[in-house]
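Notes for the one structure printed next.
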2 protein chains.
Amino acid sequence: MSTTGGTSTAGRASDPRARRTVAALQQALLTLCATTSPSEIDVSKLCRAAGVHRTTFYKHFTAVSEVAETIVADLLERIDSTPLDPEHGYRAWLDELLAQVARRRGTYSHFLGSDGDPAVVRNVCDRLVRRTAEVVPPSEDPGSADVLVHTLAFASYGLIEAVIANEDLDVAASVDAFVGGLPTTLRQQSAAA
Amino acid sequence: MSTTGGTSTAGRASDPRARRTVAALQQALLTLCATTSPSEIDVSKLCRAAGVHRTTFYKHFTAVSEVAETIVADLLERIDSTPLDPEHGYRAWLDELLAQVARRRGTYSHFLGSDGDPAVVRNVCDRLVRRTAEVVPPSEDPGSADVLVHTLAFASYGLIEAVIANEDLDVAASVDAFVGGLPTTLRQQSAAA
């Protein structure tokens with residue numbers, strides 16, 4: 001279980017040599033993923049494919065999942081940084097996430113989904129939970145607010161997997177159907193966007 | 001990324017010596033989980049705590065996640081075997097799953113959730129997706145049916161995490177609220193139960 005929930009900052013390394021190492025590892029991981037599930041790629045296999053020494057690997061990362069996370073970093077970043085408030089609305093946030101997923105479907109498909117990297121999936125879900133908590137109205141019963149946050153956040157992750165799995169999906173119509181099923185308070189917020 | 005999506009049958013080993021080995025590993029994993037996130041428990045650490053030789057470990061399992069899966073096997077089993085058809089209904093299936101989660105909250109909390117084992121979470125989600133696909137009505141547009149299957153299945157996983165995280169949660173009321181938000185066709189099916 002040498003997986004990790006954290007996100008490495010190695011993808012943004014400033015030293016040119018470090019950047020080359022990270023780029024070589026990212027490229028090797030994508031190449032290996034074309035034929036192998038990421039759960040079957042260990043540090044030795046990745047280092048061999050990238051021509052990077054294990055010692056060098058461990059200077060930047062603690063697990064293969066962290067390299068995967070640098071590859072989906074733009075999705076993680078978008079989840080975190082896209083505005084999500086009554087003015088912009090939940091729907092606009094979701095639209096922007098899913099447009100990003102549709103654009104980079106081919107790359108994300110290696111890491112998100114049933115044959116992907118469970119640690120990366122978890123990281124995406126944790127961020128969706130954190131952001132979703134910002135829009136769910138507070139409730140007298142914290143448990144019921146928590147139910148709404150968790151069901152909504154994981155449902156939106158399900159939407160991401162559906163977009164990845166179905167190239168011909170009408171993403172806007174799917175978001176429509178999804179938002180149409182939301183509780184009224186959230187739907188109003190979405191309409192206000 | 002030495003995780004695995006499969007389920008070992010080692011938990012049901014018939015040889016008494018094998019059963020003792022598996023039980024020792026399960027007990028050691030639960031003990032370690034009281035103080036350590038499962039993602040930080042590797043095969044060496046688990047074997048040391050269980051007093052089991054690594055060679056013996058690899059006779060039964062390929063990764064620590066597989067031991068974790070034998071501990072949550074009753075949940076996986078319930079997802080798979082609880083009847084789920086128009087007669088019994090989606091709601092009865094969900095009620096039964098969540099009652100099981102509430103009963104074994106303390107144990108499941110080590111493996112499901114943010115600090116749990118992402119590979120076990122993935123396995124639970126994959127099974128929820130498979131079962132949910134049985135109740136979502138076929139659509140002329142396979143993509144939109146797939147969106148419904150994925151959002152609903154992951155939302156129900158979110159409900160599981162909410163039940164685990166909130167000891168005082170009114171589980172029946174949460175299922176009510178969840179089912180109340182379902183598309184009409186599924187809600188009718190739930191009401192028929």
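Letters for chains follow the order of the structure tokens (A, B, ...), residue numbers begin at 1 for each chain, and ligand numbers begin at 1 in the order shown.
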
Which chain B residues are at most 6 Å from chain A (counting only C-alpha atoms), as a PDB file with N, CA and C atoms, in the first residue's frame?
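Output file selection_10.pdb follows:
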```
ATOM      1  N   MET B   1       2.719   1.812  -5.889  1.00  0.00           N
ATOM      2  CA  MET B   1       1.333   1.506  -6.222  1.00  0.00           C
ATOM      3  C   MET B   1       1.072   0.020  -6.129  1.00  0.00           C
ATOM      4  N   SER B   2       1.513  -0.594  -5.033  1.00  0.00           N
ATOM      5  CA  SER B   2       1.317  -2.028  -4.899  1.00  0.00           C
ATOM      6  C   SER B   2      -0.072  -2.334  -4.356  1.00  0.00           C
ATOM      7  N   THR B   3      -1.068  -1.686  -4.931  1.00  0.00           N
ATOM      8  CA  THR B   3      -2.431  -1.938  -4.488  1.00  0.00           C
ATOM      9  C   THR B   3      -3.088  -2.888  -5.471  1.00  0.00           C
ATOM     10  N   SER B  39      -2.485   3.402   4.359  1.00  0.00           N
ATOM     11  CA  SER B  39      -1.573   3.667   3.240  1.00  0.00           C
ATOM     12  C   SER B  39      -0.117   3.672   3.681  1.00  0.00           C
ATOM     13  N   ASP B  42       3.095  -1.186   5.116  1.00  0.00           N
ATOM     14  CA  ASP B  42       3.533  -2.046   4.018  1.00  0.00           C
ATOM     15  C   ASP B  42       3.617  -3.499   4.490  1.00  0.00           C
ATOM     16  N   PRO B 118      -7.285   3.466  -0.481  1.00  0.00           N
ATOM     17  CA  PRO B 118      -7.933   3.821  -1.743  1.00  0.00           C
ATOM     18  C   PRO B 118      -8.288   2.608  -2.607  1.00  0.00           C
ATOM     19  N   ALA B 119      -7.508   1.533  -2.523  1.00  0.00           N
ATOM     20  CA  ALA B 119      -7.802   0.355  -3.350  1.00  0.00           C
ATOM     21  C   ALA B 119      -9.071  -0.339  -2.874  1.00  0.00           C
ATOM     22  N   GLY B 143     -24.974   6.817 -23.250  1.00  0.00           N
ATOM     23  CA  GLY B 143     -24.167   7.759 -22.474  1.00  0.00           C
ATOM     24  C   GLY B 143     -24.943   8.301 -21.285  1.00  0.00           C
ATOM     25  N   VAL B 147     -24.196   8.015 -17.293  1.00  0.00           N
ATOM     26  CA  VAL B 147     -24.078   9.140 -16.357  1.00  0.00           C
ATOM     27  C   VAL B 147     -24.897   8.852 -15.111  1.00  0.00           C
ATOM     28  N   HIS B 150     -23.251   6.087 -12.949  1.00  0.00           N
ATOM     29  CA  HIS B 150     -22.043   6.519 -12.245  1.00  0.00           C
ATOM     30  C   HIS B 150     -22.332   7.550 -11.157  1.00  0.00           C
ATOM     31  N   THR B 151     -23.202   8.515 -11.448  1.00  0.00           N
ATOM     32  CA  THR B 151     -23.482   9.522 -10.416  1.00  0.00           C
ATOM     33  C   THR B 151     -24.199   8.866  -9.235  1.00  0.00           C
ATOM     34  N   PHE B 154     -21.698   6.420  -7.241  1.00  0.00           N
ATOM     35  CA  PHE B 154     -20.724   7.140  -6.415  1.00  0.00           C
ATOM     36  C   PHE B 154     -21.421   7.939  -5.320  1.00  0.00           C
ATOM     37  N   ALA B 155     -22.620   8.463  -5.621  1.00  0.00           N
ATOM     38  CA  ALA B 155     -23.376   9.159  -4.571  1.00  0.00           C
ATOM     39  C   ALA B 155     -23.675   8.182  -3.427  1.00  0.00           C
ATOM     40  N   GLY B 158     -20.794   7.933  -1.352  1.00  0.00           N
ATOM     41  CA  GLY B 158     -20.710   9.118  -0.491  1.00  0.00           C
ATOM     42  C   GLY B 158     -21.574   8.959   0.746  1.00  0.00           C
ATOM     43  N   LEU B 159     -22.743   8.349   0.553  1.00  0.00           N
ATOM     44  CA  LEU B 159     -23.648   8.088   1.673  1.00  0.00           C
ATOM     45  C   LEU B 159     -22.983   7.134   2.677  1.00  0.00           C
ATOM     46  N   ALA B 162     -20.590   9.116   4.688  1.00  0.00           N
ATOM     47  CA  ALA B 162     -21.280   9.995   5.639  1.00  0.00           C
ATOM     48  C   ALA B 162     -21.766   9.189   6.842  1.00  0.00           C
ATOM     49  N   LEU B 169     -25.912   9.909  12.997  1.00  0.00           N
ATOM     50  CA  LEU B 169     -26.741  10.134  11.817  1.00  0.00           C
ATOM     51  C   LEU B 169     -28.005   9.274  11.852  1.00  0.00           C
TER      52      LEU B 169
END
```

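Neighbouring residues of His53 (chain B) at 12 Å or closer, counting only C-alpha atoms and skipping chain neighbours under 6 positions away, are Thr21, Val22, Ala24, Leu25, Val43, Ser44, Lys45, Leu46, Cys47, Lys59 and His60 of chain B.
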
Hey, can you spit out that residue selection with all heavy atoms as an mmCIF file, in the first residue's frame?
```cif
data_model
loop_
_atom_site.group_PDB
_atom_site.id
_atom_site.type_symbol
_atom_site.label_atom_id
_atom_site.label_comp_id
_atom_site.auth_asym_id
_atom_site.auth_seq_id
_atom_site.Cartn_x
_atom_site.Cartn_y
_atom_site.Cartn_z
ATOM 1 N N THR B 21 -3.092 -17.993 9.911
ATOM 2 C CA THR B 21 -2.231 -16.961 9.317
ATOM 3 C C THR B 21 -3.060 -15.750 8.909
ATOM 4 O O THR B 21 -2.722 -14.600 9.233
ATOM 5 C CB THR B 21 -1.512 -17.517 8.063
ATOM 6 O OG1 THR B 21 -0.722 -18.623 8.466
ATOM 7 C CG2 THR B 21 -0.635 -16.459 7.409
ATOM 8 N N VAL B 22 -4.158 -16.001 8.219
ATOM 9 C CA VAL B 22 -5.016 -14.912 7.749
ATOM 10 C C VAL B 22 -5.570 -14.134 8.941
ATOM 11 O O VAL B 22 -5.559 -12.893 8.953
ATOM 12 C CB VAL B 22 -6.150 -15.463 6.852
ATOM 13 C CG1 VAL B 22 -7.167 -14.364 6.531
ATOM 14 C CG2 VAL B 22 -5.580 -16.050 5.564
ATOM 15 N N ALA B 24 -4.283 -13.837 11.914
ATOM 16 C CA ALA B 24 -3.217 -13.056 12.545
ATOM 17 C C ALA B 24 -2.939 -11.778 11.755
ATOM 18 O O ALA B 24 -2.721 -10.699 12.338
ATOM 19 C CB ALA B 24 -1.941 -13.901 12.647
ATOM 20 N N LEU B 25 -2.953 -11.885 10.432
ATOM 21 C CA LEU B 25 -2.713 -10.699 9.593
ATOM 22 C C LEU B 25 -3.865 -9.700 9.722
ATOM 23 O O LEU B 25 -3.635 -8.487 9.823
ATOM 24 C CB LEU B 25 -2.535 -11.119 8.125
ATOM 25 C CG LEU B 25 -1.223 -11.848 7.811
ATOM 26 C CD1 LEU B 25 -1.291 -12.534 6.443
ATOM 27 C CD2 LEU B 25 -0.034 -10.876 7.847
ATOM 28 N N VAL B 43 3.925 -4.370 3.541
ATOM 29 C CA VAL B 43 3.923 -5.811 3.834
ATOM 30 C C VAL B 43 4.882 -6.141 4.987
ATOM 31 O O VAL B 43 4.536 -6.910 5.895
ATOM 32 C CB VAL B 43 4.271 -6.623 2.564
ATOM 33 C CG1 VAL B 43 4.434 -8.104 2.890
ATOM 34 C CG2 VAL B 43 3.184 -6.445 1.507
ATOM 35 N N SER B 44 6.062 -5.528 4.989
ATOM 36 C CA SER B 44 7.043 -5.827 6.042
ATOM 37 C C SER B 44 6.507 -5.470 7.412
ATOM 38 O O SER B 44 6.610 -6.260 8.371
ATOM 39 C CB SER B 44 8.341 -5.043 5.819
ATOM 40 O OG SER B 44 8.801 -5.254 4.518
ATOM 41 N N LYS B 45 5.945 -4.274 7.517
ATOM 42 C CA LYS B 45 5.428 -3.803 8.796
ATOM 43 C C LYS B 45 4.299 -4.708 9.285
ATOM 44 O O LYS B 45 4.239 -5.078 10.465
ATOM 45 C CB LYS B 45 4.914 -2.362 8.631
ATOM 46 C CG LYS B 45 4.682 -1.634 9.947
ATOM 47 C CD LYS B 45 4.059 -0.246 9.725
ATOM 48 C CE LYS B 45 5.121 0.841 9.591
ATOM 49 N NZ LYS B 45 4.541 2.192 9.491
ATOM 50 N N LEU B 46 3.411 -5.071 8.375
ATOM 51 C CA LEU B 46 2.274 -5.918 8.746
ATOM 52 C C LEU B 46 2.753 -7.302 9.187
ATOM 53 O O LEU B 46 2.288 -7.836 10.213
ATOM 54 C CB LEU B 46 1.293 -6.046 7.571
ATOM 55 C CG LEU B 46 0.066 -6.922 7.834
ATOM 56 C CD1 LEU B 46 -0.772 -6.368 8.982
ATOM 57 C CD2 LEU B 46 -0.788 -7.047 6.573
ATOM 58 N N CYS B 47 3.696 -7.877 8.444
ATOM 59 C CA CYS B 47 4.194 -9.211 8.777
ATOM 60 C C CYS B 47 4.889 -9.205 10.139
ATOM 61 O O CYS B 47 4.726 -10.119 10.939
ATOM 62 C CB CYS B 47 5.169 -9.697 7.701
ATOM 63 S SG CYS B 47 4.317 -10.162 6.188
ATOM 64 N N LYS B 59 2.081 -16.240 0.068
ATOM 65 C CA LYS B 59 1.322 -17.445 -0.320
ATOM 66 C C LYS B 59 -0.178 -17.127 -0.369
ATOM 67 O O LYS B 59 -0.940 -17.807 -1.034
ATOM 68 C CB LYS B 59 1.569 -18.563 0.695
ATOM 69 C CG LYS B 59 2.762 -19.439 0.361
ATOM 70 C CD LYS B 59 2.832 -20.600 1.327
ATOM 71 C CE LYS B 59 4.273 -21.085 1.423
ATOM 72 N NZ LYS B 59 4.561 -21.694 2.703
ATOM 73 N N HIS B 60 -0.593 -16.113 0.418
ATOM 74 C CA HIS B 60 -2.035 -15.841 0.539
ATOM 75 C C HIS B 60 -2.456 -14.538 -0.155
ATOM 76 O O HIS B 60 -3.578 -14.431 -0.621
ATOM 77 C CB HIS B 60 -2.427 -15.750 2.018
ATOM 78 C CG HIS B 60 -2.136 -17.005 2.777
ATOM 79 N ND1 HIS B 60 -2.915 -18.129 2.641
ATOM 80 C CD2 HIS B 60 -1.154 -17.323 3.656
ATOM 81 C CE1 HIS B 60 -2.427 -19.084 3.422
ATOM 82 N NE2 HIS B 60 -1.354 -18.629 4.035
#
```

Next item on the list: Rank nothing, just name the residue among B:Val136, B:Ala49, B:Leu112, B:Leu128 nearest to Arg78 (chain B), using only C-alpha atoms.
Entry: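 Smallest separation from Arg78 (chain B) among the options: B:Leu128.
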
Checklist line | d(CA of Asp95 (chain B), CA of Val124 (chain B)) in Å | finding: 16.2 Å

Checklist line | DSSP-assigned helix (DSSP H, G or I) members of region 17-192 of chain A, reported as a PyMOL selection string | finding: chain A and resi 17-33+38-40+43-50+54-60+64-71+73-81+89-103+105-108+118-135+142-165+171-180+184-191

Would you export the selected residues with C-alpha atoms as a CSV table (one decimal), in the first residue's frame, please?
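Heads up, here's the output in again.csv:
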```
chain,number,residue,atom,x,y,z
A,17,ARG,CA,17.8,19.0,-14.1
A,18,ALA,CA,14.9,18.3,-11.6
A,19,ARG,CA,12.4,19.3,-14.3
A,20,ARG,CA,14.0,17.0,-16.8
A,21,THR,CA,13.8,14.1,-14.3
A,22,VAL,CA,10.2,14.8,-13.6
A,23,ALA,CA,9.4,15.1,-17.3
A,24,ALA,CA,11.1,11.8,-18.0
A,25,LEU,CA,9.2,10.0,-15.2
A,26,GLN,CA,5.9,11.5,-16.4
A,27,GLN,CA,6.5,10.5,-20.0
A,28,ALA,CA,7.6,7.0,-19.0
A,29,LEU,CA,4.5,6.6,-16.8
A,30,LEU,CA,2.2,7.7,-19.7
A,31,THR,CA,3.9,5.3,-22.0
A,32,LEU,CA,3.7,2.4,-19.6
A,33,CYS,CA,0.0,3.2,-18.9
A,38,PRO,CA,-1.0,2.0,-13.1
A,39,SER,CA,-1.6,-0.3,-10.1
A,40,GLU,CA,0.9,-2.7,-11.7
A,43,VAL,CA,9.0,2.4,-8.7
A,44,SER,CA,11.6,0.0,-10.2
A,45,LYS,CA,9.6,-0.5,-13.4
A,46,LEU,CA,9.0,3.2,-13.8
A,47,CYS,CA,12.6,4.1,-13.2
A,48,ARG,CA,13.8,1.6,-15.7
A,49,ALA,CA,11.5,2.9,-18.3
A,50,ALA,CA,12.4,6.5,-17.6
A,54,ARG,CA,15.8,4.9,-7.9
A,55,THR,CA,17.8,7.3,-5.6
A,56,THR,CA,16.9,10.2,-7.9
A,57,PHE,CA,13.3,9.1,-8.0
A,58,TYR,CA,13.1,9.2,-4.2
A,59,LYS,CA,14.6,12.7,-4.2
A,60,HIS,CA,11.4,13.9,-5.8
A,64,VAL,CA,4.4,6.2,-8.3
A,65,SER,CA,1.0,7.8,-7.5
A,66,GLU,CA,2.8,11.1,-6.9
A,67,VAL,CA,4.1,11.1,-10.4
A,68,ALA,CA,0.5,10.4,-11.6
A,69,GLU,CA,-0.7,13.3,-9.5
A,70,THR,CA,1.7,15.7,-11.3
A,71,ILE,CA,0.1,14.5,-14.6
A,73,ALA,CA,-2.3,18.4,-11.5
A,74,ASP,CA,-4.2,20.7,-13.9
A,75,LEU,CA,-7.5,18.9,-12.9
A,76,LEU,CA,-6.7,19.1,-9.2
A,77,GLU,CA,-5.8,22.7,-9.6
A,78,ARG,CA,-9.0,23.5,-11.5
A,79,ILE,CA,-11.1,21.8,-8.8
A,80,ASP,CA,-9.4,24.0,-6.2
A,81,SER,CA,-9.2,27.3,-8.0
A,89,GLY,CA,-22.6,29.1,-9.0
A,90,TYR,CA,-22.1,25.4,-8.6
A,91,ARG,CA,-23.2,24.8,-12.1
A,92,ALA,CA,-20.5,27.0,-13.7
A,93,TRP,CA,-17.9,25.3,-11.5
A,94,LEU,CA,-19.0,21.9,-12.6
A,95,ASP,CA,-19.2,23.0,-16.3
A,96,GLU,CA,-15.6,24.2,-16.1
A,97,LEU,CA,-14.3,21.0,-14.5
A,98,LEU,CA,-16.1,18.7,-17.0
A,99,ALA,CA,-14.9,20.7,-20.0
A,100,GLN,CA,-11.4,20.2,-18.7
A,101,VAL,CA,-12.0,16.5,-18.2
A,102,ALA,CA,-13.4,16.2,-21.8
A,103,ARG,CA,-10.4,18.0,-23.2
A,105,ARG,CA,-9.9,12.6,-21.5
A,106,GLY,CA,-7.2,10.5,-23.1
A,107,THR,CA,-4.6,11.4,-20.4
A,108,TYR,CA,-7.0,11.3,-17.4
A,118,PRO,CA,-7.0,4.5,-6.6
A,119,ALA,CA,-4.8,7.0,-4.7
A,120,VAL,CA,-5.2,9.6,-7.4
A,121,VAL,CA,-9.0,9.0,-7.5
A,122,ARG,CA,-9.1,9.5,-3.7
A,123,ASN,CA,-7.2,12.8,-4.0
A,124,VAL,CA,-9.7,14.0,-6.7
A,125,CYS,CA,-12.6,13.0,-4.5
A,126,ASP,CA,-11.2,14.6,-1.3
A,127,ARG,CA,-10.9,17.9,-3.2
A,128,LEU,CA,-14.4,17.6,-4.6
A,129,VAL,CA,-15.7,17.0,-1.1
A,130,ARG,CA,-13.8,20.1,0.2
A,131,ARG,CA,-15.1,22.4,-2.6
A,132,THR,CA,-18.7,21.0,-2.4
A,133,ALA,CA,-18.8,21.7,1.3
A,134,GLU,CA,-18.5,25.4,0.4
A,135,VAL,CA,-21.8,25.5,-1.4
A,142,PRO,CA,-24.6,18.8,10.7
A,143,GLY,CA,-25.1,15.1,9.8
A,144,SER,CA,-27.6,15.8,7.1
A,145,ALA,CA,-25.4,18.6,5.6
A,146,ASP,CA,-22.6,16.1,5.6
A,147,VAL,CA,-24.7,13.5,3.8
A,148,LEU,CA,-25.5,16.1,1.1
A,149,VAL,CA,-21.8,17.2,0.8
A,150,HIS,CA,-20.6,13.6,0.4
A,151,THR,CA,-23.4,12.3,-1.9
A,152,LEU,CA,-23.0,15.4,-4.1
A,153,ALA,CA,-19.2,15.4,-4.2
A,154,PHE,CA,-19.0,11.7,-5.0
A,155,ALA,CA,-21.8,12.0,-7.6
A,156,SER,CA,-19.8,14.7,-9.3
A,157,TYR,CA,-16.8,12.3,-9.3
A,158,GLY,CA,-19.1,9.8,-11.0
A,159,LEU,CA,-19.9,12.4,-13.6
A,160,ILE,CA,-16.2,12.8,-14.3
A,161,GLU,CA,-15.8,9.0,-14.8
A,162,ALA,CA,-18.8,9.0,-17.1
A,163,VAL,CA,-17.4,11.8,-19.2
A,164,ILE,CA,-14.1,10.0,-19.4
A,165,ALA,CA,-15.7,6.7,-20.4
A,171,VAL,CA,-21.4,17.1,-21.5
A,172,ALA,CA,-23.7,20.1,-21.2
A,173,ALA,CA,-26.9,18.0,-21.3
A,174,SER,CA,-25.4,15.7,-18.6
A,175,VAL,CA,-24.6,18.6,-16.3
A,176,ASP,CA,-28.2,19.8,-17.0
A,177,ALA,CA,-29.6,16.5,-15.9
A,178,PHE,CA,-27.3,16.3,-12.9
A,179,VAL,CA,-28.1,19.9,-11.7
A,180,GLY,CA,-31.8,19.2,-12.4
A,184,THR,CA,-33.8,23.3,-4.7
A,185,THR,CA,-31.4,25.6,-2.7
A,186,LEU,CA,-28.5,24.4,-4.8
A,187,ARG,CA,-30.4,24.5,-8.0
A,188,GLN,CA,-31.3,28.2,-7.4
A,189,GLN,CA,-27.7,29.0,-6.8
A,190,SER,CA,-26.8,27.2,-10.1
A,191,ALA,CA,-29.5,29.2,-12.0
```

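Interatomic distance, CA of Ser139 (chain A) against CA of Arg104 (chain B): 26.6 Å.
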
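Taking CA of Phe111 (chain A) as the reference point, CA of Thr35 (chain A) is found at 12.9 Å.
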